[in-house]
$ cat my_file-v8.cif   # mmCIF, C-alpha atoms
data_query
loop_
_atom_site.group_PDB
_atom_site.id
_atom_site.type_symbol
_atom_site.label_atom_id
_atom_site.label_comp_id
_atom_site.auth_asym_id
_atom_site.auth_seq_id
_atom_site.Cartn_x
_atom_site.Cartn_y
_atom_site.Cartn_z
ATOM 1 C CA MET S 1 1.154 -15.481 -26.228
ATOM 2 C CA ASP S 2 3.969 -13.748 -28.165
ATOM 3 C CA ASN S 3 6.790 -16.222 -28.893
ATOM 4 C CA ARG S 4 9.580 -13.709 -29.460
ATOM 5 C CA PRO S 5 12.530 -13.719 -26.996
ATOM 6 C CA PHE S 6 11.743 -11.978 -23.716
ATOM 7 C CA PRO S 7 14.360 -9.196 -24.105
ATOM 8 C CA GLN S 8 12.759 -8.194 -27.408
ATOM 9 C CA ARG S 9 9.262 -8.277 -25.917
ATOM 10 C CA PHE S 10 10.355 -6.402 -22.798
ATOM 11 C CA PHE S 11 11.914 -3.674 -24.957
ATOM 12 C CA ILE S 12 8.529 -3.177 -26.630
ATOM 13 C CA TYR S 13 6.786 -3.292 -23.256
ATOM 14 C CA GLN S 14 8.924 -0.558 -21.731
ATOM 15 C CA LYS S 15 8.447 1.650 -24.803
ATOM 16 C CA GLU S 16 4.695 1.460 -24.300
ATOM 17 C CA ARG S 17 4.348 1.430 -20.511
ATOM 18 C CA PHE S 18 7.536 2.860 -18.980
ATOM 19 C CA PRO S 19 9.926 4.327 -21.560
ATOM 20 C CA PHE S 20 13.177 4.316 -19.608
ATOM 21 C CA LEU S 21 14.765 7.104 -21.642
ATOM 22 C CA THR S 22 12.048 9.751 -21.339
ATOM 23 C CA HIS S 23 10.901 8.711 -17.862
ATOM 24 C CA GLY S 24 14.520 8.409 -16.761
ATOM 25 C CA ILE S 25 15.304 11.983 -17.821
ATOM 26 C CA LEU S 26 12.248 13.342 -16.002
ATOM 27 C CA ILE S 27 12.981 11.336 -12.835
ATOM 28 C CA ALA S 28 16.670 12.340 -12.926
ATOM 29 C CA VAL S 29 15.633 16.002 -13.092
ATOM 30 C CA PHE S 30 13.148 15.326 -10.291
ATOM 31 C CA SER S 31 15.919 13.818 -8.133
ATOM 32 C CA PHE S 32 18.462 16.526 -8.981
ATOM 33 C CA SER S 33 15.915 19.197 -8.093
ATOM 34 C CA ALA S 34 14.972 17.532 -4.795
ATOM 35 C CA VAL S 35 18.614 17.421 -3.690
ATOM 36 C CA SER S 36 19.275 20.951 -4.971
ATOM 37 C CA TYR S 37 16.211 22.385 -3.265
ATOM 38 C CA ALA S 38 17.193 20.751 0.033
ATOM 39 C CA ARG S 39 20.630 22.323 -0.216
ATOM 40 C CA PHE S 40 19.175 25.756 -0.978
ATOM 41 C CA CYS S 41 16.914 25.494 2.060
ATOM 42 C CA ARG S 42 19.866 24.499 4.244
ATOM 43 C CA GLY S 43 22.017 27.319 2.886
ATOM 44 C CA GLU S 44 24.602 24.883 1.518
ATOM 45 C CA SER S 45 26.711 25.639 -1.549
ATOM 46 C CA GLY S 46 27.636 23.175 -4.261
ATOM 47 C CA PHE S 47 26.164 19.741 -4.867
ATOM 48 C CA ILE S 48 26.495 16.316 -3.287
ATOM 49 C CA ASP S 49 28.956 13.663 -4.451
ATOM 50 C CA TRP S 50 28.024 12.681 -8.007
ATOM 51 C CA LYS S 51 28.501 8.954 -7.353
ATOM 52 C CA ILE S 52 25.975 9.174 -4.524
ATOM 53 C CA PHE S 53 23.605 11.111 -6.753
ATOM 54 C CA ALA S 54 23.899 8.604 -9.628
ATOM 55 C CA ALA S 55 23.171 5.740 -7.238
ATOM 56 C CA GLY S 56 20.203 7.681 -5.866
ATOM 57 C CA VAL S 57 18.807 8.247 -9.378
ATOM 58 C CA CYS S 58 19.069 4.498 -9.998
ATOM 59 C CA ILE S 59 16.868 3.927 -6.955
ATOM 60 C CA THR S 60 14.281 6.611 -7.779
ATOM 61 C CA ILE S 61 13.896 5.467 -11.393
ATOM 62 C CA THR S 62 13.489 1.850 -10.373
ATOM 63 C CA LEU S 63 11.020 2.781 -7.620
ATOM 64 C CA PHE S 64 8.744 4.343 -10.220
ATOM 65 C CA PHE S 65 9.296 1.335 -12.486
ATOM 66 C CA LEU S 66 8.220 -0.991 -9.670
ATOM 67 C CA LEU S 67 5.117 1.160 -9.303
ATOM 68 C CA ARG S 68 4.281 0.394 -12.933
ATOM 69 C CA ILE S 69 4.701 -3.353 -12.309
ATOM 70 C CA PHE S 70 2.470 -3.121 -9.218
ATOM 71 C CA ASP S 71 -0.171 -1.347 -11.308
ATOM 72 C CA GLU S 72 -0.070 -4.057 -13.979
ATOM 73 C CA HIS S 73 -0.956 -6.652 -11.334
ATOM 74 C CA LYS S 74 -3.488 -4.448 -9.558
ATOM 75 C CA ASP S 75 -5.350 -3.600 -12.784
ATOM 76 C CA GLU S 76 -5.210 -7.086 -14.310
ATOM 77 C CA LYS S 77 -8.956 -7.759 -14.433
ATOM 78 C CA GLU S 78 -9.954 -4.269 -15.518
ATOM 79 C CA ASP S 79 -7.335 -4.191 -18.284
ATOM 80 C CA ALA S 80 -8.380 -7.640 -19.523
ATOM 81 C CA GLU S 81 -12.003 -6.498 -19.790
ATOM 82 C CA HIS S 82 -11.605 -2.945 -21.082
ATOM 83 C CA ARG S 83 -8.036 -2.378 -22.354
ATOM 84 C CA ARG S 84 -7.196 -5.395 -24.477
ATOM 85 C CA HIS S 85 -4.693 -3.312 -26.480
ATOM 86 C CA LEU S 86 -2.271 -3.063 -23.536
ATOM 87 C CA PRO S 87 0.841 -5.314 -23.454
ATOM 88 C CA VAL S 88 -0.296 -7.723 -20.719
ATOM 89 C CA PRO S 89 -3.866 -8.383 -21.949
ATOM 90 C CA ARG S 90 -2.730 -8.860 -25.539
ATOM 91 C CA GLY S 91 -0.039 -11.341 -24.496
ATOM 92 C CA LEU S 92 3.149 -9.375 -25.188
ATOM 93 C CA VAL S 93 4.407 -10.136 -21.659
ATOM 94 C CA THR S 94 2.936 -12.070 -18.754
ATOM 95 C CA LEU S 95 2.397 -10.917 -15.192
ATOM 96 C CA ASN S 96 4.707 -13.687 -14.027
ATOM 97 C CA GLU S 97 7.502 -12.357 -16.250
ATOM 98 C CA LEU S 98 6.953 -8.860 -14.887
ATOM 99 C CA LYS S 99 6.988 -10.248 -11.355
ATOM 100 C CA ASN S 100 10.405 -11.777 -12.025
ATOM 101 C CA VAL S 101 11.626 -8.469 -13.423
ATOM 102 C CA GLY S 102 10.274 -6.804 -10.288
ATOM 103 C CA TRP S 103 12.215 -9.144 -8.000
ATOM 104 C CA ALA S 104 15.372 -8.537 -10.021
ATOM 105 C CA THR S 105 14.784 -4.798 -9.693
ATOM 106 C CA VAL S 106 14.424 -5.067 -5.909
ATOM 107 C CA ALA S 107 17.650 -7.099 -5.769
ATOM 108 C CA LEU S 108 19.402 -4.358 -7.754
ATOM 109 C CA GLN S 109 18.060 -1.679 -5.406
ATOM 110 C CA ILE S 110 19.212 -3.554 -2.305
ATOM 111 C CA ALA S 111 22.664 -4.053 -3.824
ATOM 112 C CA VAL S 112 23.019 -0.365 -4.754
ATOM 113 C CA ILE S 113 21.838 0.886 -1.364
ATOM 114 C CA SER S 114 24.046 -1.607 0.504
ATOM 115 C CA TRP S 115 27.104 -0.510 -1.466
ATOM 116 C CA PHE S 116 26.624 3.268 -1.567
ATOM 117 C CA PHE S 117 24.485 4.344 1.393
ATOM 118 C CA PRO S 118 23.138 1.637 3.758
ATOM 119 C CA LYS S 119 21.706 4.379 5.970
ATOM 120 C CA MET S 120 19.145 5.128 3.222
ATOM 121 C CA PHE S 121 17.383 1.795 3.773
ATOM 122 C CA TRP S 122 15.144 3.586 6.291
ATOM 123 C CA LEU S 123 13.791 5.956 3.631
ATOM 124 C CA TYR S 124 13.718 3.189 1.010
ATOM 125 C CA PHE S 125 11.561 0.946 3.203
ATOM 126 C CA LEU S 126 9.233 3.885 3.871
ATOM 127 C CA ALA S 127 8.546 4.256 0.136
ATOM 128 C CA MET S 128 8.417 0.507 -0.507
ATOM 129 C CA GLY S 129 6.047 -0.107 2.403
ATOM 130 C CA TYR S 130 3.611 2.454 1.064
ATOM 131 C CA MET S 131 3.928 0.999 -2.436
ATOM 132 C CA LEU S 132 3.011 -2.437 -1.119
ATOM 133 C CA LEU S 133 -0.117 -0.964 0.471
ATOM 134 C CA MET S 134 -0.951 0.708 -2.841
ATOM 135 C CA GLY S 135 -0.603 -2.643 -4.598
ATOM 136 C CA LYS S 136 -3.334 -3.971 -2.299
ATOM 137 C CA GLU S 137 -5.373 -0.750 -2.653
ATOM 138 C CA PHE S 138 -4.926 -0.300 1.124
ATOM 139 C CA PHE S 139 -7.264 -3.308 1.523
ATOM 140 C CA VAL S 140 -10.272 -1.082 0.695
ATOM 141 C CA ALA S 141 -10.315 -1.399 -3.103
ATOM 142 C CA GLU S 142 -14.087 -1.160 -3.566
ATOM 143 C CA TRP S 143 -14.349 1.825 -1.216
ATOM 144 C CA LEU S 144 -11.623 3.694 -3.119
ATOM 145 C CA LYS S 145 -13.112 2.937 -6.543
ATOM 146 C CA LYS S 146 -16.346 4.622 -5.495
ATOM 147 C CA ARG S 147 -14.450 7.697 -4.265
ATOM 148 C CA PRO S 148 -12.152 8.966 -7.051
ATOM 149 C CA PHE S 149 -10.907 11.900 -4.950
ATOM 150 C CA TRP S 150 -9.537 9.689 -2.184
ATOM 151 C CA TYR S 151 -8.225 7.200 -4.735
ATOM 152 C CA VAL S 152 -6.076 9.874 -6.376
ATOM 153 C CA VAL S 153 -4.969 11.424 -3.082
ATOM 154 C CA SER S 154 -3.946 8.065 -1.606
ATOM 155 C CA HIS S 155 -1.971 7.092 -4.706
ATOM 156 C CA MET S 156 -0.195 10.434 -5.173
ATOM 157 C CA VAL S 157 1.364 10.249 -1.690
ATOM 158 C CA ILE S 158 4.001 7.921 -3.159
ATOM 159 C CA ILE S 159 5.564 10.837 -5.065
ATOM 160 C CA PRO S 160 6.466 12.885 -1.951
ATOM 161 C CA LEU S 161 7.732 9.663 -0.354
ATOM 162 C CA VAL S 162 10.136 9.128 -3.258
ATOM 163 C CA ASP S 163 10.928 12.840 -2.917
ATOM 164 C CA ILE S 164 11.906 12.238 0.702
ATOM 165 C CA PHE S 165 14.321 9.541 -0.443
ATOM 166 C CA ALA S 166 15.813 11.719 -3.195
ATOM 167 C CA SER S 167 16.225 14.814 -1.007
ATOM 168 C CA GLY S 168 17.551 12.585 1.787
ATOM 169 C CA LEU S 169 20.689 12.066 -0.307
ATOM 170 C CA ASP S 170 21.541 15.513 1.047
ATOM 171 C CA TRP S 171 20.080 16.077 4.512
ATOM 172 C CA PHE S 172 19.579 12.483 5.715
ATOM 173 C CA LEU S 173 23.018 11.254 4.679
ATOM 174 C CA GLY S 174 24.455 14.453 6.153
ATOM 175 C CA GLY S 175 22.915 13.632 9.527
ATOM 176 C CA MET S 176 20.717 16.743 9.476
ATOM 177 C CA ALA S 177 17.016 17.278 10.064
ATOM 178 C CA ALA S 178 14.937 17.852 6.942
ATOM 179 C CA PRO S 179 14.657 21.614 6.285
ATOM 180 C CA LEU S 180 11.144 23.009 6.740
ATOM 181 C CA GLY S 181 11.066 24.331 3.174
ATOM 182 C CA LEU S 182 11.015 20.785 1.817
ATOM 183 C CA LEU S 183 7.362 20.600 2.853
ATOM 184 C CA PHE S 184 6.588 23.086 0.064
ATOM 185 C CA PHE S 185 8.623 21.071 -2.424
ATOM 186 C CA PHE S 186 6.849 17.867 -1.374
ATOM 187 C CA LEU S 187 3.507 19.624 -1.796
ATOM 188 C CA VAL S 188 4.475 20.720 -5.307
ATOM 189 C CA SER S 189 5.452 17.115 -6.119
ATOM 190 C CA PHE S 190 2.131 15.858 -4.780
ATOM 191 C CA MET S 191 0.182 18.401 -6.833
ATOM 192 C CA ASN S 192 2.246 17.651 -9.939
ATOM 193 C CA GLY S 193 1.255 14.013 -9.580
ATOM 194 C CA ILE S 194 -2.409 15.023 -9.629
ATOM 195 C CA VAL S 195 -1.831 17.266 -12.660
ATOM 196 C CA LEU S 196 -0.265 14.315 -14.511
ATOM 197 C CA GLU S 197 -2.984 11.898 -13.397
ATOM 198 C CA ILE S 198 -5.879 14.091 -14.512
ATOM 199 C CA GLY S 199 -4.113 15.335 -17.640
ATOM 200 C CA ARG S 200 -3.533 11.850 -19.033
ATOM 201 C CA LYS S 201 -7.177 10.871 -18.477
ATOM 202 C CA ILE S 202 -9.028 13.578 -20.377
ATOM 203 C CA ARG S 203 -10.484 12.269 -23.631
ATOM 204 C CA THR S 204 -12.771 13.313 -26.434
ATOM 205 C CA PRO S 205 -16.092 11.369 -26.546
ATOM 206 C CA GLU S 206 -14.976 9.201 -29.481
ATOM 207 C CA ASN S 207 -11.748 8.183 -27.695
ATOM 208 C CA GLU S 208 -13.123 7.476 -24.228
ATOM 209 C CA GLU S 209 -11.936 4.616 -22.025
ATOM 210 C CA ILE S 210 -13.202 3.315 -18.708
ATOM 211 C CA ASN S 211 -12.349 5.312 -15.551
ATOM 212 C CA THR S 212 -11.105 8.467 -17.257
ATOM 213 C CA TYR S 213 -11.926 11.789 -15.651
ATOM 214 C CA SER S 214 -13.807 12.881 -18.748
ATOM 215 C CA THR S 215 -15.969 9.752 -18.376
ATOM 216 C CA MET S 216 -16.658 10.310 -14.679
ATOM 217 C CA MET S 217 -17.085 14.094 -14.780
ATOM 218 C CA GLY S 218 -17.609 15.000 -18.410
ATOM 219 C CA PRO S 219 -14.809 16.512 -20.527
ATOM 220 C CA GLU S 220 -15.630 20.108 -19.601
ATOM 221 C CA ARG S 221 -15.657 19.616 -15.811
ATOM 222 C CA ALA S 222 -12.574 17.395 -15.986
ATOM 223 C CA THR S 223 -10.682 20.060 -17.936
ATOM 224 C CA LYS S 224 -11.719 22.790 -15.494
ATOM 225 C CA LEU S 225 -10.520 20.589 -12.630
ATOM 226 C CA TRP S 226 -7.184 20.098 -14.401
ATOM 227 C CA LEU S 227 -6.812 23.857 -14.870
ATOM 228 C CA ALA S 228 -7.689 24.456 -11.197
ATOM 229 C CA VAL S 229 -5.091 21.932 -10.002
ATOM 230 C CA LEU S 230 -2.539 23.450 -12.372
ATOM 231 C CA PHE S 231 -3.193 26.875 -10.835
ATOM 232 C CA ALA S 232 -3.015 25.474 -7.292
ATOM 233 C CA THR S 233 0.366 23.936 -8.166
ATOM 234 C CA LEU S 234 1.540 27.340 -9.400
ATOM 235 C CA ILE S 235 0.664 28.883 -6.021
ATOM 236 C CA CYS S 236 2.508 26.074 -4.210
ATOM 237 C CA SER S 237 5.535 26.578 -6.448
ATOM 238 C CA PHE S 238 5.535 30.317 -5.619
ATOM 239 C CA ALA S 239 5.649 29.428 -1.914
ATOM 240 C CA ALA S 240 8.459 26.924 -2.509
ATOM 241 C CA ALA S 241 10.468 29.437 -4.572
ATOM 242 C CA TRP S 242 10.038 32.113 -1.898
ATOM 243 C CA PHE S 243 11.144 29.794 0.891
ATOM 244 C CA ALA S 244 14.272 28.770 -1.055
ATOM 245 C CA GLY S 245 15.155 32.410 -1.625
ATOM 246 C CA HIS S 246 14.937 32.314 -5.422
ATOM 247 C CA GLY S 247 14.942 35.585 -7.347
ATOM 248 C CA LYS S 248 12.145 37.268 -9.291
ATOM 249 C CA ILE S 249 13.224 35.599 -12.537
ATOM 250 C CA VAL S 250 12.094 32.209 -11.182
ATOM 251 C CA PHE S 251 8.632 33.594 -10.360
ATOM 252 C CA PHE S 252 8.403 35.096 -13.854
ATOM 253 C CA ILE S 253 9.408 31.821 -15.536
ATOM 254 C CA LEU S 254 6.862 29.903 -13.433
ATOM 255 C CA LEU S 255 4.121 32.308 -14.516
ATOM 256 C CA VAL S 256 5.081 32.040 -18.198
ATOM 257 C CA CYS S 257 5.139 28.228 -17.956
ATOM 258 C CA PHE S 258 1.698 28.246 -16.362
ATOM 259 C CA ALA S 259 0.286 30.430 -19.147
ATOM 260 C CA GLY S 260 1.748 28.216 -21.867
ATOM 261 C CA CYS S 261 0.808 24.886 -20.277
ATOM 262 C CA SER S 262 -2.748 25.941 -19.429
ATOM 263 C CA LEU S 263 -3.457 27.041 -23.024
ATOM 264 C CA PRO S 264 -4.390 23.552 -24.369
ATOM 265 C CA GLY S 265 -6.933 23.198 -21.550
ATOM 266 C CA VAL S 266 -8.492 26.580 -22.289
ATOM 267 C CA LEU S 267 -8.685 25.762 -26.001
ATOM 268 C CA PHE S 268 -10.093 22.289 -25.293
ATOM 269 C CA LEU S 269 -13.022 23.846 -23.429
ATOM 270 C CA LYS S 270 -13.999 25.570 -26.673
ATOM 271 C CA ASN S 271 -13.065 22.864 -29.157
ATOM 272 C CA LYS S 272 -12.856 19.301 -27.870
ATOM 273 C CA THR S 273 -10.509 17.654 -30.355
ATOM 274 C CA TYR S 274 -8.162 14.680 -30.028
ATOM 275 C CA PRO S 275 -4.977 16.747 -30.677
ATOM 276 C CA LEU S 276 -5.889 19.195 -27.908
ATOM 277 C CA ALA S 277 -6.633 16.335 -25.504
ATOM 278 C CA LYS S 278 -3.167 14.929 -26.248
ATOM 279 C CA TRP S 279 -1.672 18.363 -25.688
ATOM 280 C CA ILE S 280 -3.265 18.505 -22.250
ATOM 281 C CA GLU S 281 -1.399 15.283 -21.439
ATOM 282 C CA ARG S 282 1.855 16.616 -22.920
ATOM 283 C CA SER S 283 1.466 19.944 -21.121
ATOM 284 C CA SER S 284 1.093 18.080 -17.821
ATOM 285 C CA GLY S 285 4.516 16.531 -18.376
ATOM 286 C CA ILE S 286 6.055 19.801 -19.563
ATOM 287 C CA TRP S 287 4.641 21.602 -16.523
ATOM 288 C CA THR S 288 6.037 18.986 -14.152
ATOM 289 C CA LEU S 289 9.476 19.180 -15.755
ATOM 290 C CA ALA S 290 9.359 22.995 -15.654
ATOM 291 C CA MET S 291 8.515 22.972 -11.928
ATOM 292 C CA TYR S 292 11.540 20.874 -11.057
ATOM 293 C CA LEU S 293 13.830 22.869 -13.336
ATOM 294 C CA CYS S 294 12.693 26.166 -11.808
ATOM 295 C CA LEU S 295 12.699 25.173 -8.147
ATOM 296 C CA GLY S 296 15.891 23.148 -7.941
ATOM 297 C CA ALA S 297 17.772 22.096 -11.057
ATOM 298 C CA GLY S 298 17.937 25.468 -12.843
ATOM 299 C CA PRO S 299 19.126 27.587 -9.894
ATOM 300 C CA MET S 300 21.660 24.916 -8.910
ATOM 301 C CA LEU S 301 23.115 24.683 -12.432
ATOM 302 C CA ALA S 302 23.299 28.480 -12.556
ATOM 303 C CA LYS S 303 25.450 28.492 -9.418
ATOM 304 C CA MET S 304 27.790 25.672 -10.445
#
$ encode --input "my_file-v8.cif" --output "C-alpha cells"
Amino acid sequence: MDNRPFPQRFFIYQKERFPFLTHGILIAVFSFSAVSYARFCRGESGFIDWKIFAAGVCITITLFFLLRIFDEHKDEKEDAEHRRHLPVPRGLVTLNELKNVGWATVALQIAVISWFFPKMFWLYFLAMGYMLLMGKEFFVAEWLKKRPFWYVVSHMVIIPLVDIFASGLDWFLGGMAAPLGLLFFFLVSFMNGIVLEIGRKIRTPENEEINTYSTMMGPERATKLWLAVLFATLICSFAAAWFAGHGKIVFFILLVCFAGCSLPGVLFLKNKTYPLAKWIERSSGIWTLAMYLCLGAGPMLAKM
C-alpha cells in the first residue's frame, strides 16, 4: 500500500482514471450542447441562467465520476488478475477510500440540487438508479459477460440518462414537455458512447489486454465495427441537425469531421501499429466533442 497522503495519491489516481480537467471540459461541452439543443428544438432564444447551468455541470461531471468509482468496484477481481498496473490493484488507492470519496460526492450532489433546483431530483434519481443497477451488472453479470453486444448496450444507456438531466435544465425546470427532437440528440449520445467504448479497446497484438474488442473479434473486425458505428453516428447526427433546423454548414462540418476521425481506422486496417491504435482512441474523443459542438454548443455560441 502506498503511504503517501491521500490527497497526493488521489491526485495521481484522477490523472490516470478520471482526469477532471480534460473530462470536465468534454462533459461541460456535452451539458452545454444538451441544453442548447433543447432550446433550439423548442424555438427558444438565448441560454438558461448561468448559475443554474454551472450547478448542472457540477452534477453531470460528478455523475460520470461516480460511474468510474462504480466500475472500480465492479471490476475489482478482473483488474487484480489481469490489470495489475491500474491504481487500485497496485495499491495507490483502496476501494474503501474510493467508496468514501463516492459518498462525499453524493453528498455534494444532494447539496447542489437542494440549493439550486430541488425539482431536478426526479431526473437525478433516474440516472442514479440506473447507475446502481449497472454497479450490480443488472444482477445478470455472467449472462452479460457472454454477450458483449448486450453488455455495451446496457451500459451505454447511462449516457442518454445523464443527457436527460442536462437537457432538463431547460425544459424540465421550465415546466415543459421534452421536445421530440431530443430523441435524436439522445441517440447521438448513445452512439457516441459506443464509439468511445470500442475505440478505446482496439489494440495491436503485442499490446492486447483481456476483454478488448480486438481480442474478442480480432483487430480487423473490431476496427470495421468501430468505423460502422462512427458512420451510424454520423447519420444520427444528420437527423438531429435537421430536426434542430441547423444550416448546411453544420452538415458540411459533420462530414469533414467524420472523414478526419475515420482516417486512423482506415489506416489501421492496412498497418496495425500502436500509434494508429492510439489515434483511433483519440479520434473517438475528438469525434464525440465535435458532435456536441456542431449540434448544440457551436450554433448557440454563434447566436449569442
$ closest_atom_pairs --input "my_file-v8.cif" --of "stretch 57-172 of chain S" --to "stretch 194-201 of chain S" --cutoff "8 Å" --atoms "all atoms listed in the file" --output "CSV"
residue,atom,partner,partner_atom,distance
S:Val152,CA,S:Ile194,CA,7.1
S:Val153,CA,S:Ile194,CA,7.9
S:Met156,CA,S:Ile194,CA,6.8
$ residues_around --input "my_file-v8.cif" --residues "stretch 76-93 of chain S" --least-positions-apart "6" --cutoff "7 Å" --atoms "only C-alpha atoms" --output "list of chain:residue names"
S:Met1, S:Asp2, S:Arg9, S:Tyr13, S:Ile210
$ atom_distance --input "my_file-v8.cif" --atom1 "atom CA of S:Leu98" --atom2 "atom CA of S:Pro5"
14.2 Å
$ atom_distance --input "my_file-v8.cif" --atom1 "atom CA of S:Ala239" --atom2 "atom CA of S:Val188"
9.4 Å
$ closest_residue --input "my_file-v8.cif" --among "S:Phe53, S:Trp115, S:Phe47, S:Phe185" --to "S:Ile235" --atoms "all atoms listed in the file"
S:Phe185
$ residues_around --input "my_file-v8.cif" --residues "S:Val256" --least-positions-apart "4" --cutoff "12 Å" --atoms "all atoms listed in the file" --output "list in words"
Leu234, Ile249, Val250, Phe251, Phe252, Gly260, Cys261, Ser262, Leu263, Trp287, Ala290, Met291 and Cys294 of chain S
$ residues_around --input "my_file-v8.cif" --residues "S:Ser33" --least-positions-apart "4" --cutoff "7 Å" --atoms "all atoms listed in the file" --output "list in words"
Val29, Tyr37, Tyr292, Leu293, Leu295, Gly296 and Ala297 of chain S
$ resolve_selection --input "my_file-v8.cif" --expression "the PyMOL selection byres ((chain S and resi 23) around 12)" --output "number ranges by chain"
S: 14-22, 24-30, 57, 60-65, 68, 285, 288-289
